[in-house]
>>> print(open('final.tsv').read())   # TSV, C-alpha atoms and all ligand atoms
chain	number	residue	atom	x	y	z
U	177	MET	CA	2.93	-20.78	4.28
U	178	LYS	CA	2.56	-17.29	2.80
U	179	VAL	CA	4.23	-14.06	3.87
U	180	LYS	CA	3.20	-10.56	2.83
U	181	VAL	CA	5.52	-7.60	3.33
U	182	LEU	CA	3.29	-4.86	4.79
U	183	GLY	CA	6.19	-2.46	5.29
U	184	SER	CA	9.78	-2.28	4.13
U	185	ALA	CA	11.22	0.90	5.68
U	186	ALA	CA	13.22	1.75	8.78
U	187	ALA	CA	12.04	4.16	11.49
U	188	GLU	CA	11.40	7.31	9.42
U	189	ALA	CA	9.57	5.53	6.53
U	190	MET	CA	10.07	6.62	2.94
U	191	PRO	CA	9.47	9.40	2.05
U	192	ALA	CA	10.34	10.51	5.57
U	193	LEU	CA	8.26	13.38	6.94
U	194	TRP	CA	10.06	16.70	6.40
U	195	CYS	CA	13.02	15.14	4.58
U	196	GLU	CA	14.70	16.98	1.71
U	197	CYS	CA	16.99	14.10	0.67
U	198	SER	CA	17.10	12.87	-2.92
U	199	VAL	CA	15.47	9.49	-2.31
U	200	CYS	CA	12.55	10.98	-0.33
U	201	GLN	CA	11.94	13.50	-3.10
U	202	HIS	CA	12.08	10.66	-5.66
U	203	ALA	CA	9.62	8.61	-3.58
U	204	LEU	CA	7.24	11.59	-3.33
U	205	GLN	CA	7.24	12.04	-7.09
U	206	HIS	CA	7.20	8.42	-8.20
U	207	GLY	CA	5.57	6.44	-5.37
U	208	GLY	CA	5.35	2.75	-6.33
U	209	LYS	CA	8.02	0.54	-4.81
U	210	ASP	CA	9.83	3.58	-3.40
U	211	LEU	CA	6.94	4.32	-1.06
U	212	ARG	CA	7.90	2.37	2.05
U	213	ARG	CA	5.90	2.01	5.27
U	214	ARG	CA	7.44	0.91	8.58
U	215	THR	CA	8.48	-2.78	8.54
U	216	CYS	CA	5.73	-5.30	9.30
U	217	TYR	CA	4.71	-8.72	7.94
U	218	LEU	CA	1.60	-10.86	7.64
U	219	ILE	CA	2.09	-14.64	7.84
U	220	ASP	CA	-0.79	-16.60	6.30
U	221	GLU	CA	-3.89	-14.85	7.57
U	222	ASP	CA	-3.40	-15.25	11.29
U	223	THR	CA	-0.07	-13.76	12.37
U	224	LEU	CA	1.37	-10.25	12.29
U	225	VAL	CA	5.07	-9.77	12.85
U	226	ASP	CA	5.41	-6.32	14.45
U	227	TYR	CA	2.67	-3.76	14.87
U	228	GLY	CA	4.04	-0.31	14.19
U	229	PRO	CA	2.80	3.22	13.55
U	230	ASP	CA	1.64	2.47	9.97
U	231	ILE	CA	-0.61	-0.43	10.95
U	232	TYR	CA	-3.89	1.36	10.15
U	233	TRP	CA	-2.68	2.25	6.67
U	234	GLN	CA	-1.19	-1.23	6.12
U	235	VAL	CA	-4.35	-3.08	7.15
U	236	ASN	CA	-6.42	-1.04	4.70
U	237	ALA	CA	-3.95	-0.87	1.80
U	238	PHE	CA	-3.23	-4.61	1.83
U	239	ASN	CA	-6.66	-6.01	2.81
U	240	VAL	CA	-5.55	-7.54	6.10
U	241	ASP	CA	-8.58	-9.02	7.87
U	242	LEU	CA	-7.78	-8.26	11.52
U	243	LEU	CA	-10.65	-10.52	12.62
U	244	LYS	CA	-8.55	-13.47	11.41
U	245	ILE	CA	-5.41	-12.37	13.27
U	246	ARG	CA	-4.74	-14.63	16.26
U	247	ARG	CA	-1.32	-13.35	17.33
U	248	LEU	CA	1.20	-10.54	17.21
U	249	VAL	CA	4.84	-11.60	17.26
U	250	MET	CA	7.12	-8.71	18.17
U	251	THR	CA	10.79	-8.34	17.29
U	252	HIS	CA	11.44	-5.57	19.85
U	253	SER	CA	9.94	-2.45	21.37
U	254	HIS	CA	11.30	0.29	19.09
U	255	SER	CA	8.60	2.73	18.03
U	256	ASP	CA	8.84	1.83	14.33
U	257	HIS	CA	7.91	-1.78	15.26
U	258	PHE	CA	5.49	-1.43	18.16
U	259	SER	CA	2.80	1.19	18.52
U	260	PRO	CA	0.84	0.20	21.66
U	261	VAL	CA	-1.76	2.95	21.28
U	262	GLU	CA	-3.14	1.05	18.28
U	263	LEU	CA	-4.12	-1.75	20.70
U	264	HIS	CA	-6.10	0.64	22.94
U	265	TRP	CA	-9.01	0.56	20.49
U	266	ARG	CA	-9.73	-3.05	21.49
U	267	ARG	CA	-11.25	-1.77	24.77
U	268	ARG	CA	-15.00	-1.93	25.40
U	269	GLY	CA	-16.73	1.20	24.27
U	270	TYR	CA	-14.20	1.82	21.52
U	271	SER	CA	-14.65	-1.31	19.39
U	272	VAL	CA	-16.73	-4.47	19.48
U	273	VAL	CA	-14.17	-7.16	20.29
U	274	SER	CA	-14.97	-10.59	21.73
U	275	SER	CA	-11.96	-12.83	21.19
U	276	ASP	CA	-8.44	-12.71	22.59
U	277	ILE	CA	-5.24	-12.34	20.63
U	278	ASP	CA	-1.83	-13.53	21.83
U	279	LEU	CA	1.13	-11.20	22.11
U	280	TYR	CA	4.52	-12.93	21.87
U	281	SER	CA	7.31	-10.55	22.80
U	282	ASN	CA	10.14	-9.63	25.13
U	283	GLU	CA	9.58	-7.82	28.47
U	284	ALA	CA	10.34	-4.39	27.00
U	285	VAL	CA	7.35	-4.63	24.65
U	286	VAL	CA	5.05	-5.55	27.55
U	287	ASP	CA	6.48	-2.71	29.67
U	288	LYS	CA	5.72	-0.31	26.85
U	289	LEU	CA	2.18	-1.65	26.51
U	290	ARG	CA	1.60	-1.33	30.28
U	291	ALA	CA	2.93	2.23	30.33
U	292	SER	CA	0.74	3.26	27.41
U	293	LEU	CA	-2.35	1.80	29.16
U	294	GLY	CA	-1.43	3.52	32.44
U	295	LEU	CA	-0.94	0.18	34.26
U	296	GLU	CA	1.43	-0.55	37.15
U	297	ALA	CA	4.82	-2.11	36.41
U	298	GLU	CA	3.86	-5.67	37.52
U	299	HIS	CA	0.37	-5.74	36.00
U	300	GLN	CA	-0.14	-8.94	33.97
U	301	ASP	CA	-3.84	-8.84	33.13
U	302	PHE	CA	-4.61	-7.43	29.68
U	303	SER	CA	-8.13	-8.87	29.48
U	304	HIS	CA	-9.62	-5.38	29.03
U	305	ILE	CA	-7.94	-5.28	25.61
U	306	PHE	CA	-8.63	-9.00	25.02
U	307	LEU	CA	-4.94	-9.84	24.90
U	308	LYS	CA	-2.76	-12.51	26.48
U	309	SER	CA	0.95	-11.82	26.86
U	310	HIS	CA	3.60	-14.52	26.43
U	311	ILE	CA	7.27	-13.75	27.08
U	312	LEU	CA	9.69	-15.22	24.55
U	313	GLU	CA	13.08	-16.69	25.33
U	314	ALA	CA	15.95	-17.09	22.90
U	315	GLY	CA	16.11	-20.61	21.47
U	316	ARG	CA	12.83	-21.73	23.08
U	317	GLU	CA	10.43	-22.59	20.28
U	318	VAL	CA	6.74	-21.76	20.70
U	319	LEU	CA	3.98	-23.66	18.88
U	320	ALA	CA	0.64	-22.00	18.11
U	321	ASP	CA	-1.95	-23.23	15.58
U	322	GLY	CA	0.68	-25.29	13.78
U	323	LEU	CA	3.05	-22.32	13.56
U	324	HIS	CA	6.46	-22.92	15.15
U	325	ILE	CA	8.07	-19.67	16.29
U	326	LEU	CA	11.79	-19.83	17.07
U	327	PRO	CA	13.16	-16.62	18.67
U	328	ILE	CA	16.82	-15.95	17.88
U	329	PRO	CA	18.84	-13.26	19.68
U	330	ALA	CA	19.27	-10.21	17.44
U	331	LYS	CA	22.23	-7.86	17.49
U	332	HIS	CA	20.19	-4.74	18.15
U	333	ALA	CA	18.80	-2.62	21.00
U	334	PRO	CA	21.18	-3.77	23.79
U	335	THR	CA	18.91	-2.41	26.56
U	336	GLU	CA	16.31	-5.11	25.84
U	337	LYS	CA	16.22	-8.66	24.39
U	338	PRO	CA	15.46	-8.16	20.70
U	339	TYR	CA	14.66	-11.22	18.59
U	340	PHE	CA	14.52	-12.25	15.00
U	341	PHE	CA	12.59	-15.36	14.02
U	342	VAL	CA	12.38	-18.60	12.14
U	343	PHE	CA	8.72	-19.45	11.50
U	344	THR	CA	7.89	-23.00	10.42
U	345	ARG	CA	4.51	-24.30	9.30
U	346	GLN	CA	3.75	-27.56	7.47
U	347	GLY	CA	7.44	-28.26	7.02
U	348	ARG	CA	8.32	-24.92	5.38
U	349	SER	CA	10.51	-22.34	7.14
U	350	LEU	CA	10.70	-18.57	6.88
U	351	LEU	CA	13.50	-16.45	8.33
U	352	ILE	CA	12.61	-12.85	9.23
U	353	ALA	CA	15.83	-11.19	10.38
U	354	ASN	CA	15.18	-7.61	11.36
U	355	ASP	CA	16.14	-5.55	13.24
U	356	THR	CA	19.60	-6.99	13.60
U	357	GLY	CA	23.23	-6.49	12.81
U	358	PHE	CA	25.35	-9.45	11.74
U	359	PRO	CA	24.38	-12.07	14.34
U	360	GLU	CA	26.63	-13.43	17.09
U	361	ALA	CA	27.76	-17.08	17.40
U	362	GLU	CA	24.79	-18.03	19.64
U	363	ALA	CA	22.36	-17.01	16.88
U	364	TRP	CA	24.30	-18.89	14.20
U	365	GLU	CA	24.21	-21.98	16.39
U	366	LEU	CA	20.40	-21.82	16.46
U	367	LEU	CA	20.21	-21.03	12.74
U	368	SER	CA	22.52	-23.86	11.78
U	369	GLY	CA	19.89	-26.35	12.95
U	370	CYS	CA	17.36	-24.89	10.48
U	371	LYS	CA	16.66	-25.39	6.81
U	372	ILE	CA	15.29	-22.08	5.53
U	373	ASP	CA	13.01	-21.89	2.48
U	374	LEU	CA	12.78	-18.08	2.29
U	375	ALA	CA	14.76	-15.35	4.08
U	376	LEU	CA	14.17	-11.65	4.67
U	377	LEU	CA	17.18	-9.69	5.99
U	378	ASP	CA	17.63	-6.27	7.62
U	379	CYS	CA	19.25	-3.95	5.05
U	380	CYS	CA	18.93	-0.59	6.79
U	381	GLY	CA	22.18	0.75	5.34
U	382	GLY	CA	21.36	-0.21	1.74
U	383	ALA	CA	24.13	0.17	-0.81
U	384	HIS	CA	25.29	3.59	0.37
U	385	PRO	CA	29.12	3.66	0.28
U	386	LYS	CA	29.29	4.66	3.95
U	387	HIS	CA	26.57	2.30	5.21
U	388	LYS	CA	26.77	-0.81	3.02
U	389	HIS	CA	29.18	-2.49	5.46
U	390	MET	CA	26.96	-1.69	8.47
U	391	ARG	CA	26.92	-4.73	10.81
U	392	GLU	CA	26.25	-3.42	14.35
U	393	GLY	CA	22.55	-3.00	15.15
U	394	HIS	CA	21.57	-3.14	11.49
U	395	MET	CA	23.03	-4.44	8.24
U	396	GLY	CA	23.96	-2.93	4.90
U	397	ALA	CA	23.99	-4.55	1.45
U	398	GLU	CA	27.51	-5.99	1.79
U	399	THR	CA	26.62	-7.52	5.16
U	400	ASN	CA	23.49	-9.09	3.60
U	401	ILE	CA	25.75	-10.67	0.97
U	402	GLU	CA	27.97	-12.04	3.75
U	403	PHE	CA	24.89	-13.28	5.67
U	404	ARG	CA	23.64	-15.15	2.58
U	405	LEU	CA	27.06	-16.70	1.94
U	406	LYS	CA	27.30	-17.84	5.56
U	407	MET	CA	23.83	-19.45	5.33
U	408	LEU	CA	24.98	-21.25	2.17
U	409	GLU	CA	28.21	-22.36	3.84
U	410	LEU	CA	26.30	-23.76	6.85
U	411	GLY	CA	23.73	-25.52	4.64
U	412	ILE	CA	20.87	-23.41	6.03
U	413	ILE	CA	19.86	-22.42	2.48
U	414	ASP	CA	20.85	-23.54	-1.00
U	415	GLU	CA	21.63	-21.53	-4.15
U	416	LYS	CA	17.95	-21.51	-5.13
U	417	THR	CA	16.55	-20.27	-1.81
U	418	PRO	CA	15.04	-16.80	-2.24
U	419	VAL	CA	16.78	-14.23	-0.03
U	420	TYR	CA	15.30	-10.73	0.22
U	421	ALA	CA	16.69	-7.51	1.68
U	422	ASN	CA	14.20	-5.42	3.66
U	423	HIS	CA	13.91	-2.61	6.29
U	424	PHE	CA	15.60	0.19	4.32
U	425	SER	CA	16.44	3.61	5.68
U	426	HIS	CA	15.97	6.59	3.38
U	427	ASN	CA	19.44	7.59	4.62
U	428	CYS	CA	20.86	4.90	2.31
U	429	LEU	CA	19.76	7.26	-0.50
U	430	ASN	CA	18.93	4.30	-2.76
U	431	THR	CA	15.84	3.95	-4.90
U	432	HIS	CA	14.30	0.49	-5.26
U	433	GLU	CA	15.89	0.24	-8.71
U	434	GLU	CA	19.36	1.09	-7.39
U	435	LEU	CA	19.03	-1.50	-4.61
U	436	CYS	CA	18.06	-4.13	-7.22
U	437	GLN	CA	21.05	-3.22	-9.40
U	438	TYR	CA	23.41	-3.66	-6.47
U	439	LEU	CA	21.92	-6.75	-4.81
U	440	ASN	CA	20.38	-8.86	-7.58
U	441	PRO	CA	23.71	-9.92	-9.14
U	442	GLN	CA	24.70	-11.15	-5.64
U	443	GLY	CA	21.66	-13.42	-5.40
U	444	ILE	CA	19.60	-11.09	-3.20
U	445	LEU	CA	16.17	-9.74	-4.13
U	446	VAL	CA	14.71	-6.46	-2.88
U	447	ALA	CA	11.45	-6.38	-0.92
U	448	TYR	CA	8.77	-3.70	-1.22
U	449	ASP	CA	5.42	-2.96	0.36
U	450	GLY	CA	2.70	-5.34	-0.78
U	451	LEU	CA	5.10	-8.09	-1.89
U	452	GLU	CA	3.45	-11.45	-1.28
U	453	LEU	CA	5.54	-14.62	-1.27
U	454	GLN	CA	4.86	-18.31	-1.04
U	455	VAL	CA	7.34	-19.91	1.34
R	1	ZN	ZN	13.46	-0.90	12.79
R	2	ZN	ZN	15.07	11.32	3.15
R	3	ZN	ZN	14.97	-1.27	16.11
>>> encode(input="final.tsv", output="structure tokens", more="lines below")
Ligand SMILES: [Zn+2]
Ligand SMILES: [Zn+2]
Ligand SMILES: [Zn+2]
Amino acid sequence: MKVKVLGSAAAEAMPALWCECSVCQHALQHGGKDLRRRTCYLIDEDTLVDYGPDIYWQVNAFNVDLLKIRRLVMTHSHSDHFSPVELHWRRRGYSVVSSDIDLYSNEAVVDKLRASLGLEAEHQDFSHIFLKSHILEAGREVLADGLHILPIPAKHAPTEKPYFFVFTRQGRSLLIANDTGFPEAEAWELLSGCKIDLALLDCCGGAHPKHKHMREGHMGAETNIEFRLKMLELGIIDEKTPVYANHFSHNCLNTHEELCQYLNPQGILVAYDGLELQV
């Protein structure tokens, strides 16, 4: 299995529009790994994890062939992760589309999609955008085209049921854990049954002195270190398993280099847009 990081920023992206902060100014001047789009991933060639406001730019910058995408797997409905208007263009008269895609998500994502399409609250038929909706449940694994999708309850967005995921294909497992704070016992119970070969963790707070211990809703660098140690302790990963931090807010005020300096000695790598990994 392969995973490509199509975006590595939190809600405002990096540089954030209008922002005068030091890291946004640095990103404007230097670009490269400090230019971060909203968080999104491509698994192999057929699965997108989240579908946010940068999707047009991501598809073009990273050569994503949308005609090969069979499913969207959504973490939650927040606007940096789900941009329903970018599904409107699948309607007749806008684009030439002939095959369905599957949307795996919680109810809040479907509610948001319905509202954006002007549909009634109970409407279940999305055939006019060639889409089939499937509601996920925590701990209930879904299997599609040989891809096992295990939704795990995230500590985030308490008004809905946010998930993070373990994806398994051909015996290899990938953990994508954003958006989430340090998970609750129920999530650790599900995780403890898994053997993870590569992990990507929410690191919204970065290494900022005030945010590095963030653990409610999102995590900071110190909480990522704790998360990795707990996975080691439970035998979910071993010392050699690559663990990456991702989903950074510009408010952490860290450049890519500074994040590497802080996290690398603790066994955690730093993700960036365009990073492609073999799981
Ligand atoms: Zn987010
Ligand atoms: Zn900024
Ligand atoms: Zn969120």
>>> closest_residue(input="final.tsv", among="U:Gly183, U:Pro191, U:Gly382, U:Pro260", to="ligand ZN 1 (chain R)", atoms="all atoms listed in the file")
U:Gly183
>>> residues_near_ligand(input="final.tsv", ligand="ligand ZN 1 (chain R)", cutoff="9 Å", atoms="only C-alpha atoms and all ligand atoms", output="VMD selection string")
chain U and resid 185 to 187 214 to 215 252 254 to 257 354 to 356 378 380 394 423 to 425
>>> residues_around(input="final.tsv", residues="Asp220 (chain U)", least_positions_apart="3", cutoff="12 Å", atoms="all atoms listed in the file", output="MDAnalysis selection string")
chainID U and resid 177:181 217 223:225 240:241 244:247 321:323 343:346 350 452:455
>>> residues_near_ligand(input="final.tsv", ligand="ligand ZN 2 (chain R)", cutoff="9 Å", atoms="only C-alpha atoms and all ligand atoms", output="PyMOL selection string")
chain U and resi 188-201+425-429
>>> residues_around(input="final.tsv", residues="Gln442 (chain U)", least_positions_apart="2", cutoff="12 Å", atoms="only C-alpha atoms", output="number ranges by chain")
U: 397-405, 415, 418-421, 435-440, 444-446
>>> residues_around(input="final.tsv", residues="Val272 (chain U)", least_positions_apart="3", cutoff="12 Å", atoms="all atoms listed in the file", output="ChimeraX atom specification")
/U:243,265-269,275,304-306
>>> closest_residue(input="final.tsv", among="U:Ser368, U:Thr251, U:Ser303, U:Ser274", to="Ile325 (chain U)", atoms="only C-alpha atoms")
U:Thr251
>>> closest_residue(input="final.tsv", among="U:Arg290, U:His332, U:Arg391, U:Lys386", to="ligand ZN 3 (chain R)", atoms="all atoms listed in the file")
U:His332
>>> atom_distance(input="final.tsv", atom1="CA of Ser253 (chain U)", atom2="CA of Lys288 (chain U)")
7.2 Å
>>> residues_around(input="final.tsv", residues="Leu410 (chain U)", least_positions_apart="6", cutoff="12 Å", atoms="all atoms listed in the file", output="list of chain:residue names")
U:Trp364, U:Glu365, U:Leu366, U:Leu367, U:Ser368, U:Gly369, U:Cys370, U:Lys371, U:Ile372, U:Phe403, U:Arg404
>>> atom_distance(input="final.tsv", atom1="CA of Lys416 (chain U)", atom2="CA of Pro329 (chain U)")
26.2 Å
>>> atom_distance(input="final.tsv", atom1="CA of Ile412 (chain U)", atom2="CA of Gly393 (chain U)")
22.4 Å
>>> closest_residue(input="final.tsv", among="U:Pro229, U:Val261, U:Ser184, U:Ala284", to="Arg213 (chain U)", atoms="all atoms listed in the file")
U:Ser184
>>> closest_residue(input="final.tsv", among="U:Asp230, U:Glu336, U:Glu434, U:Glu409", to="ligand ZN 3 (chain R)", atoms="only C-alpha atoms and all ligand atoms")
U:Glu336
>>> closest_residue(input="final.tsv", among="U:Lys331, U:Lys209, U:His299, U:His264", to="ligand ZN 3 (chain R)", atoms="only C-alpha atoms and all ligand atoms")
U:Lys331
>>> decode(input="final.tsv", residues="region 281-310 of chain U", atoms="C-alpha atoms", output="PDB file, in the first residue's frame")
ATOM      1  CA  SER U 281     -18.440   9.163   6.557  1.00  0.00           C
ATOM      2  CA  ASN U 282     -20.407  10.083   9.646  1.00  0.00           C
ATOM      3  CA  GLU U 283     -23.918  11.622   9.496  1.00  0.00           C
ATOM      4  CA  ALA U 284     -22.624  15.180   9.875  1.00  0.00           C
ATOM      5  CA  VAL U 285     -20.717  14.930   6.586  1.00  0.00           C
ATOM      6  CA  VAL U 286     -23.835  13.688   4.775  1.00  0.00           C
ATOM      7  CA  ASP U 287     -25.935  16.448   6.373  1.00  0.00           C
ATOM      8  CA  LYS U 288     -23.446  18.994   5.100  1.00  0.00           C
ATOM      9  CA  LEU U 289     -23.515  17.479   1.615  1.00  0.00           C
ATOM     10  CA  ARG U 290     -27.339  17.501   1.574  1.00  0.00           C
ATOM     11  CA  ALA U 291     -27.468  21.123   2.727  1.00  0.00           C
ATOM     12  CA  SER U 292     -24.979  22.229   0.089  1.00  0.00           C
ATOM     13  CA  LEU U 293     -27.029  20.473  -2.645  1.00  0.00           C
ATOM     14  CA  GLY U 294     -30.271  22.011  -1.329  1.00  0.00           C
ATOM     15  CA  LEU U 295     -31.744  18.593  -0.430  1.00  0.00           C
ATOM     16  CA  GLU U 296     -34.199  17.796   2.370  1.00  0.00           C
ATOM     17  CA  ALA U 297     -32.870  16.485   5.684  1.00  0.00           C
ATOM     18  CA  GLU U 298     -33.828  12.814   5.061  1.00  0.00           C
ATOM     19  CA  HIS U 299     -32.820  12.646   1.392  1.00  0.00           C
ATOM     20  CA  GLN U 300     -30.642   9.568   0.747  1.00  0.00           C
ATOM     21  CA  ASP U 301     -30.348   9.516  -3.037  1.00  0.00           C
ATOM     22  CA  PHE U 302     -27.164  11.114  -4.370  1.00  0.00           C
ATOM     23  CA  SER U 303     -27.355   9.497  -7.813  1.00  0.00           C
ATOM     24  CA  HIS U 304     -27.391  12.921  -9.507  1.00  0.00           C
ATOM     25  CA  ILE U 305     -23.775  13.353  -8.351  1.00  0.00           C
ATOM     26  CA  PHE U 306     -23.009   9.641  -8.951  1.00  0.00           C
ATOM     27  CA  LEU U 307     -22.301   9.025  -5.278  1.00  0.00           C
ATOM     28  CA  LYS U 308     -23.348   6.385  -2.770  1.00  0.00           C
ATOM     29  CA  SER U 309     -23.257   7.253   0.916  1.00  0.00           C
ATOM     30  CA  HIS U 310     -22.242   4.748   3.597  1.00  0.00           C
TER      31      HIS U 310
END
